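Structure file query-v3.txt; described as compact mmCIF, C-alpha atoms.
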```txt
# COMPACT_ATOMS: atom_id res chain seq x y z
CA MET A 1 190.39 224.21 100.57
CA PRO A 2 194.04 224.42 99.39
CA PRO A 3 196.74 223.62 101.95
CA GLU A 4 198.73 226.37 103.58
CA ARG A 5 201.93 227.43 101.85
CA GLY A 6 204.26 225.84 104.44
CA THR A 7 202.39 222.57 104.32
CA ALA A 8 202.41 222.54 100.51
CA GLU A 9 206.17 223.08 100.42
CA GLN A 10 206.68 220.14 102.78
CA GLN A 11 204.50 217.89 100.59
CA ARG A 12 206.19 218.85 97.33
CA ARG A 13 207.95 215.92 95.57
CA SER A 14 209.92 215.62 92.37
CA ILE A 15 209.22 212.95 89.77
CA ALA A 16 212.60 211.38 90.59
CA GLN A 17 211.64 211.14 94.26
CA ILE A 18 208.28 209.58 93.43
CA ASN A 19 209.78 207.02 91.07
CA ARG A 20 212.55 206.20 93.53
CA THR A 21 209.97 205.65 96.27
CA LEU A 22 207.88 203.41 94.04
CA ARG A 23 210.95 201.37 93.14
CA SER A 24 212.01 200.88 96.76
CA ILE A 25 208.50 199.80 97.78
CA LEU A 26 208.01 197.41 94.86
CA GLU A 27 211.44 195.80 94.78
CA ALA A 28 211.49 195.34 98.54
CA GLU A 29 208.62 192.89 98.07
CA THR A 30 209.48 191.38 94.68
CA LEU A 31 213.21 191.62 93.86
CA GLU A 32 214.79 188.14 93.77
CA HIS A 33 211.42 186.60 94.65
CA PHE A 34 211.41 184.24 91.66
CA PHE A 35 208.19 182.78 90.25
CA TRP A 36 206.61 181.12 87.21
CA VAL A 37 203.81 182.90 85.35
CA ALA A 38 201.96 181.95 82.15
CA GLY A 39 200.59 184.06 79.33
CA LYS A 40 200.69 184.83 75.61
CA VAL A 41 203.52 186.65 73.85
CA ASP A 42 202.68 190.02 72.29
CA ARG A 43 204.69 192.97 70.90
CA PHE A 44 207.75 190.75 70.43
CA TYR A 45 210.96 192.68 69.68
CA LYS A 46 214.64 191.70 69.51
CA SER A 47 217.22 194.47 69.94
CA ASP A 48 220.54 194.83 68.12
CA ARG A 49 222.30 193.59 71.26
CA GLY A 50 220.31 190.36 71.22
CA HIS A 51 218.00 191.19 74.16
CA ILE A 52 214.37 190.17 73.70
CA TYR A 53 211.47 192.39 74.79
CA PHE A 54 207.81 191.35 74.76
CA ASP A 55 204.54 191.69 76.62
CA LEU A 56 203.06 188.74 78.50
CA VAL A 57 199.29 188.95 78.04
CA ASP A 58 196.50 187.32 80.04
CA GLY A 59 193.11 188.52 78.77
CA ASP A 60 193.02 192.31 79.08
CA LEU A 61 196.04 192.37 81.40
CA ARG A 62 199.65 192.60 80.31
CA ILE A 63 203.13 193.15 81.76
CA ARG A 64 206.38 194.02 80.04
CA CYS A 65 209.14 191.38 79.98
CA MET A 66 212.82 191.31 79.05
CA LEU A 67 214.97 188.27 78.27
CA ARG A 68 218.69 189.01 78.11
CA GLU A 69 220.82 187.69 75.27
CA GLU A 70 222.87 185.43 77.57
CA GLN A 71 219.69 183.64 78.74
CA SER A 72 217.95 183.48 75.34
CA GLY A 73 220.44 180.89 74.08
CA ASP A 74 219.17 178.42 76.71
CA LEU A 75 215.68 178.25 75.21
CA SER A 76 214.72 175.06 73.38
CA PHE A 77 212.08 176.83 71.26
CA GLU A 78 211.71 180.06 69.29
CA LEU A 79 209.86 182.94 70.90
CA ARG A 80 207.26 184.62 68.70
CA ASN A 81 204.02 186.57 68.94
CA HIS A 82 200.83 184.75 70.02
CA LEU A 83 202.83 181.86 71.54
CA GLU A 84 201.56 180.48 74.85
CA ILE A 85 204.52 180.30 77.23
CA GLU A 86 205.45 180.14 80.89
CA ILE A 87 208.29 182.34 82.11
CA TYR A 88 210.44 182.31 85.24
CA GLY A 89 211.92 185.47 86.75
CA ASP A 90 211.42 188.34 89.16
CA ILE A 91 210.12 191.90 88.93
CA HIS A 92 212.31 194.95 88.34
CA PHE A 93 211.18 198.57 88.39
CA TYR A 94 212.73 201.20 86.13
CA GLU A 95 212.62 204.70 87.52
CA ARG A 96 213.02 206.55 84.23
CA HIS A 97 209.62 205.46 82.88
CA ALA A 98 208.03 204.37 86.17
CA GLU A 99 207.54 200.94 84.61
CA ALA A 100 207.64 197.50 86.16
CA GLN A 101 208.75 194.54 84.07
CA ILE A 102 209.65 190.90 84.56
CA ASN A 103 213.34 190.09 84.24
CA VAL A 104 213.03 186.68 82.52
CA LEU A 105 215.58 184.02 83.49
CA ASN A 106 213.95 181.04 81.79
CA ALA A 107 210.94 180.24 79.65
CA ARG A 108 209.18 177.18 78.33
CA SER A 109 206.51 176.71 75.72
CA LEU A 110 203.19 175.46 77.02
CA ALA A 111 202.87 173.49 73.81
CA ALA A 112 205.53 171.17 75.22
CA MET A 113 203.69 170.53 78.49
CA PRO A 114 201.44 167.53 77.64
CA ASP A 115 204.28 165.08 78.37
CA ASP A 116 204.69 166.60 81.81
CA VAL A 117 200.94 166.45 82.39
CA SER A 118 200.76 162.79 81.33
CA ALA A 119 203.66 161.95 83.67
CA ILE A 120 201.92 163.64 86.58
CA GLU A 121 198.65 161.86 85.82
CA SER A 122 200.43 158.49 85.66
CA LEU A 123 202.01 159.10 89.06
CA ARG A 124 198.67 160.26 90.44
CA ALA A 125 197.10 156.98 89.35
CA GLU A 126 199.91 155.12 91.18
CA GLY A 127 199.30 157.12 94.34
CA LEU A 128 202.67 158.92 94.06
CA PHE A 129 201.23 162.38 93.36
CA PRO A 130 200.99 164.70 95.13
CA PRO A 131 204.32 163.64 96.62
CA ARG A 132 204.57 162.81 100.32
CA ARG A 133 207.67 164.66 101.42
CA LYS A 134 209.63 163.03 104.23
CA ALA A 135 211.07 164.84 107.21
CA ALA A 136 214.83 165.30 107.39
CA PRO A 137 216.60 162.58 109.41
CA ALA A 138 217.51 163.46 112.98
CA HIS A 139 221.03 162.14 112.45
CA ILE A 140 222.95 161.69 109.19
CA SER A 141 225.52 158.89 109.12
CA ARG A 142 226.45 159.21 105.45
CA ILE A 143 225.33 161.19 102.39
CA GLY A 144 225.16 159.64 98.92
CA LEU A 145 225.61 162.03 96.00
CA ILE A 146 224.57 161.37 92.42
CA THR A 147 226.33 163.43 89.75
CA SER A 148 228.63 163.19 86.77
CA ARG A 149 232.33 162.56 87.27
CA SER A 150 233.12 165.62 85.12
CA SER A 151 230.49 167.89 86.64
CA ARG A 152 231.61 171.29 87.87
CA ALA A 153 229.11 170.87 90.69
CA ILE A 154 231.51 168.53 92.52
CA GLY A 155 233.98 171.26 93.45
CA ASP A 156 231.23 173.75 94.31
CA PHE A 157 229.51 171.19 96.53
CA GLU A 158 232.65 170.12 98.40
CA ASN A 159 233.81 173.70 99.03
CA ALA A 160 230.42 174.79 100.32
CA TYR A 161 229.93 171.62 102.39
CA GLN A 162 233.29 171.80 104.16
CA GLY A 163 233.09 175.56 104.56
CA ALA A 164 229.62 175.52 106.12
CA GLY A 165 230.27 173.14 109.00
CA ASP A 166 232.66 171.56 111.44
CA ARG A 167 234.44 168.56 109.93
CA ALA A 168 234.05 166.73 113.23
CA VAL A 169 230.27 166.51 112.78
CA LEU A 170 229.88 166.55 108.98
CA ALA A 171 228.69 163.25 107.56
CA PRO A 172 231.05 161.50 105.13
CA LEU A 173 230.16 161.55 101.44
CA THR A 174 229.75 158.69 98.99
CA TRP A 175 229.99 159.81 95.37
CA GLN A 176 227.97 157.81 92.85
CA TYR A 177 229.03 158.90 89.37
CA VAL A 178 226.43 158.58 86.61
CA GLN A 179 225.78 159.88 83.11
CA LEU A 180 223.67 163.02 83.16
CA GLU A 181 223.38 163.46 79.40
CA GLY A 182 222.88 161.19 76.42
CA GLU A 183 220.78 158.13 75.71
CA ARG A 184 222.00 156.19 78.77
CA ALA A 185 221.50 159.07 81.21
CA GLN A 186 218.07 157.98 82.46
CA GLN A 187 219.09 154.38 83.19
CA SER A 188 222.40 155.51 84.70
CA ILE A 189 220.64 157.86 87.13
CA LEU A 190 218.11 155.14 88.03
CA ASP A 191 220.91 152.68 88.72
CA GLY A 192 222.63 155.24 90.94
CA ILE A 193 219.47 155.79 92.99
CA VAL A 194 218.89 152.04 93.39
CA LEU A 195 222.51 151.45 94.46
CA LEU A 196 222.49 154.18 97.11
CA GLU A 197 219.02 153.09 98.23
CA SER A 198 220.39 149.63 99.05
CA GLN A 199 223.08 150.94 101.43
CA ASP A 200 221.78 151.08 104.99
CA GLU A 201 224.40 153.54 106.23
CA ILE A 202 223.22 156.21 103.77
CA ASP A 203 220.49 158.45 105.18
CA VAL A 204 220.34 161.13 102.48
CA ILE A 205 220.61 160.99 98.69
CA ALA A 206 221.47 164.25 96.91
CA ILE A 207 221.14 164.62 93.14
CA ILE A 208 223.26 167.49 91.87
CA ARG A 209 224.44 168.87 88.54
CA GLY A 210 225.56 172.20 87.14
CA GLY A 211 223.51 174.32 84.80
CA GLY A 212 222.71 173.42 81.22
CA ARG A 213 220.35 173.98 78.37
CA ASN A 214 216.76 172.78 78.61
CA PRO A 215 217.29 169.63 76.49
CA GLU A 216 220.16 168.62 78.77
CA MET A 217 217.95 168.99 81.84
CA ALA A 218 215.03 167.04 80.33
CA VAL A 219 216.26 163.75 81.80
CA PHE A 220 215.08 164.96 85.22
CA ASP A 221 211.52 165.16 83.84
CA GLN A 222 211.41 161.47 82.91
CA LEU A 223 208.65 159.38 84.47
CA ASP A 224 210.90 156.57 85.73
CA ILE A 225 213.18 159.00 87.57
CA LEU A 226 210.20 160.75 89.15
CA ARG A 227 208.84 157.37 90.22
CA ALA A 228 212.19 156.35 91.75
CA ILE A 229 212.42 159.59 93.73
CA ALA A 230 208.81 159.34 94.91
CA ARG A 231 209.25 155.72 96.08
CA SER A 232 212.63 156.19 97.72
CA SER A 233 212.84 155.49 101.45
CA LYS A 234 215.78 157.90 101.76
CA PHE A 235 215.57 161.64 102.24
CA ILE A 236 216.07 163.07 98.72
CA VAL A 237 217.66 166.48 98.05
CA THR A 238 217.94 168.00 94.57
CA GLY A 239 220.38 170.72 93.60
CA ILE A 240 219.98 170.76 89.84
CA GLY A 241 221.19 173.61 87.65
CA HIS A 242 221.16 177.29 88.47
CA GLN A 243 218.61 179.27 90.42
CA ARG A 244 216.50 179.83 87.31
CA ASP A 245 216.33 176.13 86.38
CA HIS A 246 213.42 173.92 87.31
CA CYS A 247 212.59 170.29 86.58
CA LEU A 248 209.89 167.85 87.66
CA ALA A 249 212.37 165.99 89.85
CA ASP A 250 212.40 169.05 92.10
CA ASP A 251 208.66 168.68 92.66
CA PHE A 252 209.13 165.14 94.03
CA ALA A 253 212.24 165.71 96.15
CA ASP A 254 211.98 166.07 99.92
CA HIS A 255 214.04 169.26 99.75
CA ILE A 256 214.68 171.49 96.73
CA ALA A 257 217.92 173.47 96.63
CA ALA A 258 218.35 176.12 93.96
CA THR A 259 221.96 175.13 93.22
CA PRO A 260 224.48 172.41 94.18
CA THR A 261 226.08 174.96 96.51
CA ALA A 262 222.76 175.58 98.23
CA ALA A 263 222.28 171.80 98.59
CA ALA A 264 225.69 171.49 100.26
CA THR A 265 224.93 174.30 102.70
CA PHE A 266 221.57 172.76 103.59
CA LEU A 267 223.09 169.32 104.25
CA ALA A 268 225.88 170.80 106.35
CA GLN A 269 223.27 172.59 108.46
CA LEU A 270 221.41 169.30 108.93
CA CYS A 271 224.61 167.69 110.22
CA LEU A 272 225.27 170.59 112.58
CA ARG A 273 221.69 170.49 113.84
CA SER A 274 221.94 166.78 114.65
CA ALA A 275 225.32 167.13 116.41
CA PRO A 276 223.97 168.43 119.80
CA ALA A 277 221.36 165.65 119.83
CA LEU A 278 224.06 163.07 119.13
CA HIS A 279 226.26 164.27 122.01
CA ALA A 280 223.28 164.50 124.35
CA SER A 281 222.33 160.90 123.58
CA GLN A 282 225.67 159.71 124.95
CA ALA A 283 225.49 159.13 128.72
CA PRO A 284 227.85 161.57 130.45
CA ARG A 285 230.45 160.20 132.85
CA THR A 286 229.71 161.09 136.44
CA TYR A 287 232.36 161.83 139.04
CA ALA A 288 231.21 158.87 141.13
CA GLU A 289 231.62 156.44 138.27
CA PRO A 290 234.88 154.54 138.62
CA ILE A 291 237.26 154.85 135.70
CA PRO A 292 238.59 151.45 134.59
CA PRO A 293 242.18 150.91 135.84
CA ALA A 294 243.17 149.79 132.35
CA ALA A 295 242.73 153.37 131.21
CA PHE A 296 245.82 154.35 133.21
CA GLU A 297 248.02 151.46 132.13
CA PRO A 298 250.52 152.35 129.42
CA PRO A 299 250.71 150.01 126.46
CA PRO A 300 253.43 147.34 126.62
CA PHE A 301 256.73 148.33 125.05
CA ASP A 302 256.74 145.34 122.76
CA ALA A 303 253.32 146.13 121.37
CA GLY A 304 253.62 146.81 117.65
CA PRO A 305 251.78 149.51 115.72
CA PRO A 306 248.12 148.95 114.85
CA PRO A 307 247.31 147.31 111.51
CA GLY A 308 247.77 149.61 108.52
CA TYR A 309 249.87 152.08 110.49
CA ASP A 310 253.14 153.10 108.88
CA ALA A 311 255.26 154.51 111.69
CA PRO A 312 257.48 157.47 110.81
CA PRO A 313 261.26 157.17 111.37
CA HIS A 314 262.55 158.14 114.82
CA GLU A 315 264.27 161.46 115.06
CA ASP A 316 267.22 159.88 116.88
CA ASP A 317 267.76 157.31 114.17
CA TRP A 318 270.65 158.88 112.24
CA SER A 319 271.73 155.72 110.44
CA GLY A 320 272.26 156.44 106.79
CA ARG A 321 271.46 160.09 107.27
CA MET A 322 274.76 161.43 108.65
CA VAL A 323 275.85 164.45 106.64
CA SER A 324 279.51 164.22 105.56
CA PRO A 325 281.76 167.29 106.06
CA GLN A 326 282.07 169.70 103.17
CA PRO A 327 285.08 168.95 100.93
CA SER A 328 288.05 171.34 101.02
CA PRO A 329 288.57 173.73 98.09
CA SER A 330 290.03 172.13 94.99
CA ARG A 331 293.60 172.78 93.74
CA GLY A 332 292.35 174.93 90.90
CA TYR A 333 290.75 177.38 93.31
CA LYS A 334 294.04 177.60 95.27
CA LEU A 335 296.08 178.40 92.15
CA LEU A 336 293.59 181.05 91.09
CA ALA A 337 293.81 182.73 94.49
CA ILE A 338 297.65 182.77 94.36
CA ALA A 339 297.61 184.30 90.87
CA LEU A 340 295.24 187.05 91.93
CA LEU A 341 297.43 187.80 94.94
CA LEU A 342 300.57 188.09 92.75
CA LEU A 343 298.76 190.39 90.35
CA ALA A 344 297.73 192.62 93.21
CA ILE A 345 301.35 192.80 94.49
CA ALA A 346 302.62 193.62 91.00
CA ALA A 347 300.05 196.39 90.62
CA VAL A 348 301.09 197.98 93.91
CA ALA A 349 304.78 197.80 92.96
CA PHE A 350 304.11 199.41 89.57
CA LEU A 351 302.18 202.25 91.16
CA GLY A 352 305.00 202.79 93.67
CA TYR A 353 307.62 202.89 90.91
CA ALA A 354 305.54 205.42 88.95
CA VAL A 355 305.29 207.69 91.96
CA LEU A 356 309.07 207.59 92.55
CA GLN A 357 309.80 208.50 88.93
CA SER A 358 307.55 211.54 89.14
CA LEU A 359 309.43 213.02 92.09
```
Will you turn the file into structure tokens for me?
Amino acid sequence: MPPERGTAEQQRRSIAQINRTLRSILEAETLEHFFWVAGKVDRFYKSDRGHIYFDLVDGDLRIRCMLREEQSGDLSFELRNHLEIEIYGDIHFYERHAEAQINVLNARSLAAMPDDVSAIESLRAEGLFPPRRKAAPAHISRIGLITSRSSRAIGDFENAYQGAGDRAVLAPLTWQYVQLEGERAQQSILDGIVLLESQDEIDVIAIIRGGGRNPEMAVFDQLDILRAIARSSKFIVTGIGHQRDHCLADDFADHIAATPTAAATFLAQLCLRSAPALHASQAPRTYAEPIPPAAFEPPPFDAGPPPGYDAPPHEDDWSGRMVSPQPSPSRGYKLLAIALLLLAIAAVAFLGYAVLQSL
């Protein structure tokens, strides 16, 4: 039985409304929810603008994908049809064609995965995989940071760390500069971890670096670095690359931050969270408790400044700082003033003589 006319009018929708509704429903659940997914490349196409379009196929199922030109330069392999890959991104919905596709931020060839698998199996045999993630410390006395001296992540980390918390409760930082690229990068990072591990006052070790191409990030997939992170007694935080980047070191860290900025914000929040507990652990002074008389005694006048203190000059010490009076005008200025005055008198006399002659 067809619906009544009034009811049918209320249920009428345009294609634009339907597509807009589908987009809002889908993207509310998927937009910026990043994930890895594997499949085979099909219908590969590269546009004139450099963007790459392809289907990711798994059996009889497929989904459309797009890799923008600015991200395609970060790939360490060449995309082509029938290649088994794993991509990282989120889902976007395009209203015009009512089509969902994956916006690809990173991709890696599954042909390059055996090294990762062998590393995981080696750590599994040593009892280090799956990793046993430690709980965050209740109080942070000091944070050790591993990064490159020239890394852009340093400024991003410091700005986010100081901006996210009260300086009175933020833990001080110890920077351990290492090489993040090149042949000596692996040993340099290992030495940095060992050095910070040996310092008792450090409760957290953060490994941070800015973004880079896949070959530059490969050092964080090395077996020795994974082993050092897994065996560390400190709470390990990684903030490596951009949000789209992923390395095996992230899988073994106690906390994974998407960026160095996110790592700084997380650590600042840990410090703020431990601040109330720190103050509560200090026994409050009661009104009945006598205050030591020495607290009211002023320091002796002959007591010098504490060691390392450079006292500023006293405001009433004017020795050597008396300002001399301004010098009087020079003789040249006086002569110039007299000449100008005489010229003015002569001009007035000439004008008066001219007026008398005209009468």
- Item | Residues within 8 Å of (213.8, 192.8, 79.5), file coords, only C-alpha atoms, listed as a ChimeraX atom specification | /A:51-54,64-68,101-104
- Message: Residues near stretch 87-99 of chain A, anyone? I mean within 8 Å using only C-alpha atoms, not counting same-chain ones fewer than 3 positions away, as a PyMOL selection string.
- Response: chain A and resi 16+19-20+22-23+26-27+30-38+102-108+244
- Message: Can you tell me which residues surround A:Ser148 at a distance of at most 7 Å, considering all atoms listed in the file, apart from same-chain residues fewer than 2 positions away, and format the answer as a ChimeraX atom specification?
- Response: /A:150-151,177-180
- Could you jot down the atom CA of A:Thr261 to atom CA of A:Glu183 separation for me, Å, one decimal place? 27.3 Å
- Query: Between A:Leu267, A:Leu340, A:Ala347, A:Gln357, which one has atoms that come closest to A:Ala138, using all atoms listed in the file?
  - Reply: A:Leu267
- Query: Any idea what the distance is between atom CA of A:Val41 and atom CA of A:Ile240?
  - Reply: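 Between atom CA of A:Val41 and atom CA of A:Ile240 the gap works out to 27.9 Å.
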- A:Leu195 surroundings by all atoms listed in the file, 12 Å radius, close-in-sequence under 3 positions cut, as a ChimeraX atom specification: /A:144-146,174-178,188-192,198-200,202,205,228,232,234
Please dump the current selection as a tab-separated table (two decimals), in the frame of the given file; keep C-alpha atoms.
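Written output follows (part.tsv):
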```
chain	number	residue	atom	x	y	z
A	144	GLY	CA	225.16	159.64	98.92
A	145	LEU	CA	225.61	162.03	96.00
A	146	ILE	CA	224.57	161.37	92.42
A	174	THR	CA	229.75	158.69	98.99
A	175	TRP	CA	229.99	159.81	95.37
A	176	GLN	CA	227.97	157.81	92.85
A	177	TYR	CA	229.03	158.90	89.37
A	178	VAL	CA	226.43	158.58	86.61
A	188	SER	CA	222.40	155.51	84.70
A	189	ILE	CA	220.64	157.86	87.13
A	190	LEU	CA	218.11	155.14	88.03
A	191	ASP	CA	220.91	152.68	88.72
A	192	GLY	CA	222.63	155.24	90.94
A	198	SER	CA	220.39	149.63	99.05
A	199	GLN	CA	223.08	150.94	101.43
A	200	ASP	CA	221.78	151.08	104.99
A	202	ILE	CA	223.22	156.21	103.77
A	205	ILE	CA	220.61	160.99	98.69
A	228	ALA	CA	212.19	156.35	91.75
A	232	SER	CA	212.63	156.19	97.72
A	234	LYS	CA	215.78	157.90	101.76
```
- To one decimal in Å, tell me the separation between atom CA of A:Ile229 and atom CA of A:Phe252.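 Atom-to-atom, atom CA of A:Ile229 and atom CA of A:Phe252 are spaced 6.5 Å apart.
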